[in-house]
Number of protein chains: 4
Amino acid sequence: MHAINHISQLRGIIPPMVTPLLHQNQLDEKGISRLVNHMITGGVHGIFVLGTSGEAVSLGYPLREALLRQVAEEIAGRVPLLVGITDTSLEEAIRFAAIAREVQADAVVAAPPFYFPTTQPALYDYFKTLSENVALPLFLYNIPSHARIALEADTVRQLLALPNVAGYKDSTGDMMTFHRLQLLLKDQPEKVYLLGPEELLAESVLLGAHGGVNGGANILPRLYVQLYEAAVNREIERMTILHRKVMAFTATVYQNGKRVIQGMKAALSALAICQDTVAMPMPPLTTEEKTVITAYVNQLSTDF
Amino acid sequence: MHAINHISQLRGIIPPMVTPLLHQNQLDEKGISRLVNHMITGGVHGIFVLGTSGEAVSLGYPLREALLRQVAEEIAGRVPLLVGITDTSLEEAIRFAAIAREVQADAVVAAPPFYFPTTQPALYDYFKTLSENVALPLFLYNIPSHARIALEADTVRQLLALPNVAGYKDSTGDMMTFHRLQLLLKDQPEKVYLLGPEELLAESVLLGAHGGVNGGANILPRLYVQLYEAAVNREIERMTILHRKVMAFTATVYQNGKRVIQGMKAALSALAICQDTVAMPMPPLTTEEKTVITAYVNQLSTDF
Amino acid sequence: MHAINHISQLRGIIPPMVTPLLHQNQLDEKGISRLVNHMITGGVHGIFVLGTSGEAVSLGYPLREALLRQVAEEIAGRVPLLVGITDTSLEEAIRFAAIAREVQADAVVAAPPFYFPTTQPALYDYFKTLSENVALPLFLYNIPSHARIALEADTVRQLLALPNVAGYKDSTGDMMTFHRLQLLLKDQPEKVYLLGPEELLAESVLLGAHGGVNGGANILPRLYVQLYEAAVNREIERMTILHRKVMAFTATVYQNGKRVIQGMKAALSALAICQDTVAMPMPPLTTEEKTVITAYVNQLSTDF
Amino acid sequence: MHAINHISQLRGIIPPMVTPLLHQNQLDEKGISRLVNHMITGGVHGIFVLGTSGEAVSLGYPLREALLRQVAEEIAGRVPLLVGITDTSLEEAIRFAAIAREVQADAVVAAPPFYFPTTQPALYDYFKTLSENVALPLFLYNIPSHARIALEADTVRQLLALPNVAGYKDSTGDMMTFHRLQLLLKDQPEKVYLLGPEELLAESVLLGAHGGVNGGANILPRLYVQLYEAAVNREIERMTILHRKVMAFTATVYQNGKRVIQGMKAALSALAICQDTVAMPMPPLTTEEKTVITAYVNQLSTDF
């Protein structure tokens with residue numbers, strides 16, 4: 001365990017790290033090193049590798065493992081490390097969780113298996129079995145935009161009651177569900193509630209979330225850390241100003257949610273942190289789109 | 001190449017084989033042997049392993065490989081063997097295709113990578129790259145109900161023009177799309193067009209499909225082979241009678257599409273061919289549901 | 001009752017008539033007259049006004065009524081007249097059905113109320129109440145692409161058992177559902193089963209439907225009547241050739257389903273039958289799109 | 001104009017009034033009177049009749065008109081009156097807007113026409129034409145859960161630039177879109193931005209919305225007014241407590257969004273304000289569901 005004494009104390013900004021690539025099947029090792037240090041220097045409270053932003057499921061397993069090993073080494077215990085193990089196969093998820101344990105990560109994170117339509121009771125069984133077969137604390141990861149199936153509020157509540165389920169990462173983008181879950185979870189304060197889309201960081205932290213898994217913190221870690229702190233401290237004026245900066249950033253760099261991962265990589269490339277290569281089947285940006293992002297990022301450094 | 005001289009001659013009933021399991025992570029080897037022989041004795045024209053019906057993506061890779069090796073051995077060249085390599089990761093799909101080649105399968109079958117939303121041009125690039133990196137002929141597999149993204153008609157047309165793309169397996173369940181594709185593909189007669197849902201076997205073969213990848217042929221291979229032949233021979237009266245038998249079968253055993261894989265396994269268990277264990281996160285049938293299927297299957301043997 | 005002795009004898013091609021307009025809120029009366037006579041001369045077996053193709057719900061009620069009165073007069077009992085009464089309000093549907101009765105139409109046709117999400121039992125109650133409050137025989141109209149909610153197979157079965165429910169118009173475009181319903185309805189042979197999308201006319205009539213509500217029969221009534229007859233008579237060769245002509249027509253004129261109503265009106269305009277004005281919020285065709293359709297229609301006359 | 005000098009000054013809680021009914025086609029006139037006075041006494045800043053909560057499109061037009069006339073009379077200029085004119089037909093929307101003008105309402109509110117799929121430019125044309133043909137200021141109403149089609153952010157921005165478009169009612173339930181629109185609309189401060197779901201009242205008002213169109217304010221007007229004021233005044237502690245009361249209310253009375261209108265009517269019935277009859281095709285509550293709501297409402301009076 002690193003930087004915190006117990007996973008239940010996890011708070012703040014935990015960027016879902018993008019995976020710097022030279023080619024479809026080759027890591028950008030220098031980029032990885034620069035990116036990890038850029039985020040930690042920027043004050044982030046943890047790093048989440050091999051999530052959706054990390055394009056995990058598009059990568060071969062050997063490459064996923066190499067990435068994990070390098071990131072663990074670069075972090076060197078400075079901040080907690082969370083590892084995505086989302087898989088369609090329970091066995092493969094368990095196998096990868098064992099590697100995460102080996103590199104002394106702090107937790108694993110799993111979305112529902114995402115090919116077969118299924119039921120909430122079957123999802124409960126899947127996650128219960130998973131939680132009993134991984135040595136690290138498990139975070140549930142709700143991302144129906146990609147996994148297609150949602151963990152419903154009551155399923156989340158039941159799963160969070162299990163001993164090895166440490167928390168919940170909500171990437172539904174749905175504040176209605178957030179508020180309903182806050183109501184359901186009021187008796188489980190030791191479980192960690194993180195929310196995905198950075199556009200909702202301000203209000204979710206203000207109204208009860210413990211932190212944000214915000215892609216933009218790959219690029220502008222300090223901005224997100226400051227916004228998190230403003231929300232925690234209920235400095236509404238400051239929070240509002242920082243929230244608007246986040247909105248302006250995502251409007252241009254993500255094209256309002258249309259090109260999130262490509263936009264992050266283009267912005268990191270503009271900052272000379274890593275390559276902007278994406279893994280198939282992610283559609284690459286056009287040259288024009290990259291130019292817009294580069295111009296935007298270049299004028300950012302003075303503003304932010 | 002087995003039983004046919006060239007993959008472009010593939011015709012008829014190619015059941016998507018279910019994967020007999022003792023437990024979540026253990027093959028039912030005796031069941032596999034009985035099932036392969038049951039289908040071949042029933043006259044099927046090929047076998048497709050590790051597709052959706054085979055629950056491929058729910059299984060660990062070592063188990064997928066063991067299954068493939070046993071099936072290849074059991075078939076022993078009697079009918080063509082098609083192998084599902086659908087994966088979210090291009091590298092993993094390529095790696096599994098190499099194993100398929102090693103066991104002397106006849107073709108590989110791939111659905112779109114199914115986690116990230118993407119575009120038709122990006123899907124084209126993915127499949128083009130895949131087709132250039134697999135040694136066996138490649139079938140495109142369109143199954144938006146599970147892969148979420150559909151291969152649109154024009155993308156299918158473009159991909160079928162590639163030299164190593166041998167055919168198309170349509171599991172959209174959408175006859176509108178079927179007819180549109182028939183129009184688009186009229187200049188590519190050497191490419192094989194197979195259709196998935198058995199409820200559409202009669203009309204699709206009558207109007208131009210080359211065969212059916214029908215789950216029910218795991219259980220009643222002869223019925224599906226006879227229906228295929230009636231459609232090819234334009235024996236409309238006979239075709240209609242057999243089509244109605246298929247509809248009655250799927251209404252009960254699949255609960256009209258609600259429990260397809262579980263229903264197939266329950267029916268095979270009732271016939272003492274293999275276990276009915278399903279892999280997580282597939283919801284298992286209730287005892288009542290199994291009883292209904294068992295009773296139905298027991299009275300079938302005399303009728304079919 | 002016109003041309004047939006009883007509504008249960010309704011068979012064949014019943015075009016969903018488009019509504020010729022001079023402006024958003026003004027009928028093209030000469031166009032209406034020409035269109036009705038064009039279809040009847042072409043051999044159609046009935047006419048369906050104020051359905052989806054008629055843009056009924058986009059029109060003001062006074063205009064809907066004026067259209068109905070003119071069409072009833074033009075038909076003058078030569079073929080059965082079916083009248084769409086689909087409405088979000090039960091009272092408005094009942095009120096319009098009374099006008100249909102007054103002009104001596106033969107049946108009314110209603111899709112589910114289409115604003116509020118609801119349940120199958122609530123839909124059953126709605127249609128039961130409706131059927132008890134309209135004097136003419138009622139056809140159920142299943143069109144989830146527009147009404148959003150589908151009548152599920154079992155609800156259709158239950159509703160068709162009601163005395164004043166005469167039949168079912170299936171515009172789901174889903175042959176799986178068609179075959180399931182055929183199985184469910186085998187004991188209700190006196191109820192009329194019509195299917196919407198013309199791309200499915202051949203196979204649906206061959207396998208049990210009583211006729212087609214096909215938009216293209218506004219333009220090419222004879223082609224659709226011939227295809228219907230070929231399917232009824234099981235002339236498979238001839239049926240296949242005519243089916244391909246229909247597919248070629250819809251590929252160009254409807255842009256494969258993307259611009260159906262606008263395409264029909266553009267084709268009718270090219271034939272000098274009526275104006276091509278559509279009612280808001282239907283997006284009008286571009287000049288280029290109209291040019292393609294006009295060129296296509298001009299070369300048709302010799303082929304068809 | 002009532003209670004405010006100009007529609008651009010509209011702020012606060014404007015309940016979407018439910019429509020008290022004795023039967024499917026008969027108003028509960030005493031209930032209407034009690035309900036209007038209950039809300040105004042509770043401090044609401046306006047009343048919105050014939051919206052989604054008012055089940056407008058399920059009612060016959062004569063009944064809609066009678067309701068509007070009675071409500072206008074009951075309000076008697078004490079608070080602004082907004083009138084829903086949403087319709088599939090442009091002409092019917094314009095016709096109803098003329099009645100709203102006649103009874104001296106303050107604004108009309110229209111969602112997109114909701115039967116035909118269409119494009120954003122066609123929606124722009126529809127709303128532009130509508131805004132030019134209604135005498136009262138027009139509010140756009142974005143409710144894709146019911147109208148199926150969404151007004152996209154850029155379409156909203158363009159439409160709000162039109163002179164007779166006074167504001168925007170957002171019932172998307174989507175705070176991502178809210179924040180994006182806030183960014184787009186920062187140069188149009190005179191346009192009124194109201195948000196629908198009460199679960200989002202706190203954060204939306206805190207971050208820029210002008211008020212809430214909250215169904216629960218039919219029942220507990222004072223609670224919603226207090227929450228609105230706490231958010232405006234940035235009293236975060238108080239706001240959070242009141243927000244949790246709203247969440248507890250909606251969890252029980254709306255069954256977390258599953259039975260919103262029925263729940264509101266059951267709660268009003270428990271308070272002896274009006275009948276709980278709903279219009280077809282709304283599924284009525286079971287007796288058990290009503291009992292739960294009645295018990296909940298009975299213990300509320302002391303708490304709230």
# chains A, B, ... in the order shown; residues from 1 in each chain; ligands from 1
>>> interface_residues(of="chain B", to="chain A", cutoff="8 Å", atoms="only C-alpha atoms", output="list in words")
Asn25, Val57, Ser58, Leu59, Gly60, Tyr61, Thr88, Ser89, Leu90, Glu91, Glu92, Pro113, Phe114, Tyr115, Phe116, Pro117, Thr118, Thr119, Pro121, Ala122, Leu123, Asp125, Tyr126, His146, Ala147, Met280, Pro281, Met282 and Pro283 of chain B
>>> closest_atom_pairs(of="stretch 107-220 of chain B", to="stretch 6-13 of chain B", cutoff="6 Å", atoms="only C-alpha atoms", output="tab-separated table")
residue	atom	partner	partner_atom	distance
B:Glu190	CA	B:Ser8	CA	5.6
B:Lys191	CA	B:Ser8	CA	6.0
B:Val192	CA	B:Ser8	CA	6.0
B:His210	CA	B:Arg11	CA	5.2
B:Gly211	CA	B:Gly12	CA	4.2
B:Gly212	CA	B:Ile13	CA	5.0
>>> residues_around(residues="B:Cys274", least_positions_apart="6", cutoff="12 Å", atoms="only C-alpha atoms", output="ChimeraX atom specification")
/B:17-22,27-36,38,218-219,264-268
>>> residues_around(residues="D:Leu220", least_positions_apart="4", cutoff="12 Å", atoms="only C-alpha atoms", output="count of residues only")
34
>>> residues_around(residues="stretch 164-178 of chain C", least_positions_apart="2", cutoff="6 Å", atoms="only C-alpha atoms", output="count of residues only")
18
>>> select_by_dssp(residues="stretch 113-155 of chain D", states="helix (DSSP H, G or I)", output="list in words")
Gln120, Pro121, Ala122, Leu123, Tyr124, Asp125, Tyr126, Phe127, Lys128, Thr129, Leu130, Ser131, Glu132, Pro144, Ser145, His146, Ala147, Ala153, Asp154 and Thr155 of chain D
>>> closest_residue(among="B:Ser53, B:Thr252, B:Asn37, B:Asn5", to="B:Pro197", atoms="only C-alpha atoms")
B:Ser53
>>> select_by_dssp(residues="stretch 152-192 of chain B", states="strand (DSSP E or B)", output="short mmCIF file (atom, residue, chain, number, x, y, z; two decimals) with all heavy atoms, in the first residue's frame")
data_model
loop_
_atom_site.label_atom_id
_atom_site.label_comp_id
_atom_site.auth_asym_id
_atom_site.auth_seq_id
_atom_site.Cartn_x
_atom_site.Cartn_y
_atom_site.Cartn_z
N VAL B 165 -10.57 -12.33 -47.79
CA VAL B 165 -11.87 -12.36 -47.13
C VAL B 165 -12.78 -13.28 -47.93
O VAL B 165 -13.12 -12.99 -49.07
CB VAL B 165 -12.47 -10.94 -46.98
CG1 VAL B 165 -13.83 -11.01 -46.33
CG2 VAL B 165 -11.52 -10.06 -46.16
N ALA B 166 -13.14 -14.41 -47.32
CA ALA B 166 -13.80 -15.48 -48.06
C ALA B 166 -15.32 -15.41 -48.01
O ALA B 166 -15.99 -15.96 -48.86
CB ALA B 166 -13.36 -16.83 -47.50
N GLY B 167 -15.84 -14.73 -46.99
CA GLY B 167 -17.29 -14.74 -46.89
C GLY B 167 -17.80 -13.91 -45.74
O GLY B 167 -17.03 -13.19 -45.07
N TYR B 168 -19.08 -14.03 -45.51
CA TYR B 168 -19.79 -13.14 -44.60
C TYR B 168 -20.82 -13.96 -43.84
O TYR B 168 -21.60 -14.70 -44.43
CB TYR B 168 -20.47 -12.05 -45.42
CG TYR B 168 -21.40 -11.15 -44.67
CD1 TYR B 168 -20.93 -10.28 -43.68
CD2 TYR B 168 -22.77 -11.14 -44.95
CE1 TYR B 168 -21.79 -9.43 -42.99
CE2 TYR B 168 -23.64 -10.29 -44.28
CZ TYR B 168 -23.14 -9.45 -43.29
OH TYR B 168 -23.99 -8.62 -42.61
N LYS B 169 -20.79 -13.85 -42.52
CA LYS B 169 -21.78 -14.51 -41.68
C LYS B 169 -22.66 -13.42 -41.09
O LYS B 169 -22.19 -12.59 -40.30
CB LYS B 169 -21.09 -15.29 -40.57
CG LYS B 169 -22.05 -15.83 -39.53
CD LYS B 169 -21.33 -16.57 -38.43
CE LYS B 169 -22.27 -17.08 -37.35
NZ LYS B 169 -23.51 -16.37 -37.12
N ASP B 170 -23.91 -13.42 -41.48
CA ASP B 170 -24.86 -12.37 -41.10
C ASP B 170 -25.71 -12.85 -39.94
O ASP B 170 -26.57 -13.71 -40.10
CB ASP B 170 -25.72 -12.05 -42.32
CG ASP B 170 -26.73 -10.95 -42.05
OD1 ASP B 170 -26.98 -10.62 -40.89
OD2 ASP B 170 -27.26 -10.41 -43.04
N VAL B 192 -18.78 -16.37 -49.89
CA VAL B 192 -19.80 -17.20 -49.25
C VAL B 192 -20.65 -16.36 -48.29
O VAL B 192 -20.11 -15.63 -47.46
CB VAL B 192 -19.14 -18.36 -48.47
CG1 VAL B 192 -20.21 -19.22 -47.80
CG2 VAL B 192 -18.28 -19.19 -49.41
#
>>> atom_distance(atom1="atom CA of A:Ala107", atom2="atom CA of A:Leu136")
5.2 Å
>>> atom_distance(atom1="atom CA of D:Asp276", atom2="atom CA of D:Glu289")
12.4 Å
>>> closest_residue(among="B:His179, B:Lys186, B:Lys128, B:His243", to="C:Glu199", atoms="only C-alpha atoms")
B:His179
>>> atom_distance(atom1="atom CA of C:Gln188", atom2="atom CA of B:Ala231")
27.0 Å
>>> residues_around(residues="A:Ala270", least_positions_apart="5", cutoff="8 Å", atoms="only C-alpha atoms", output="list in words")
Ile293, Thr294, Val297 and Asn298 of chain A
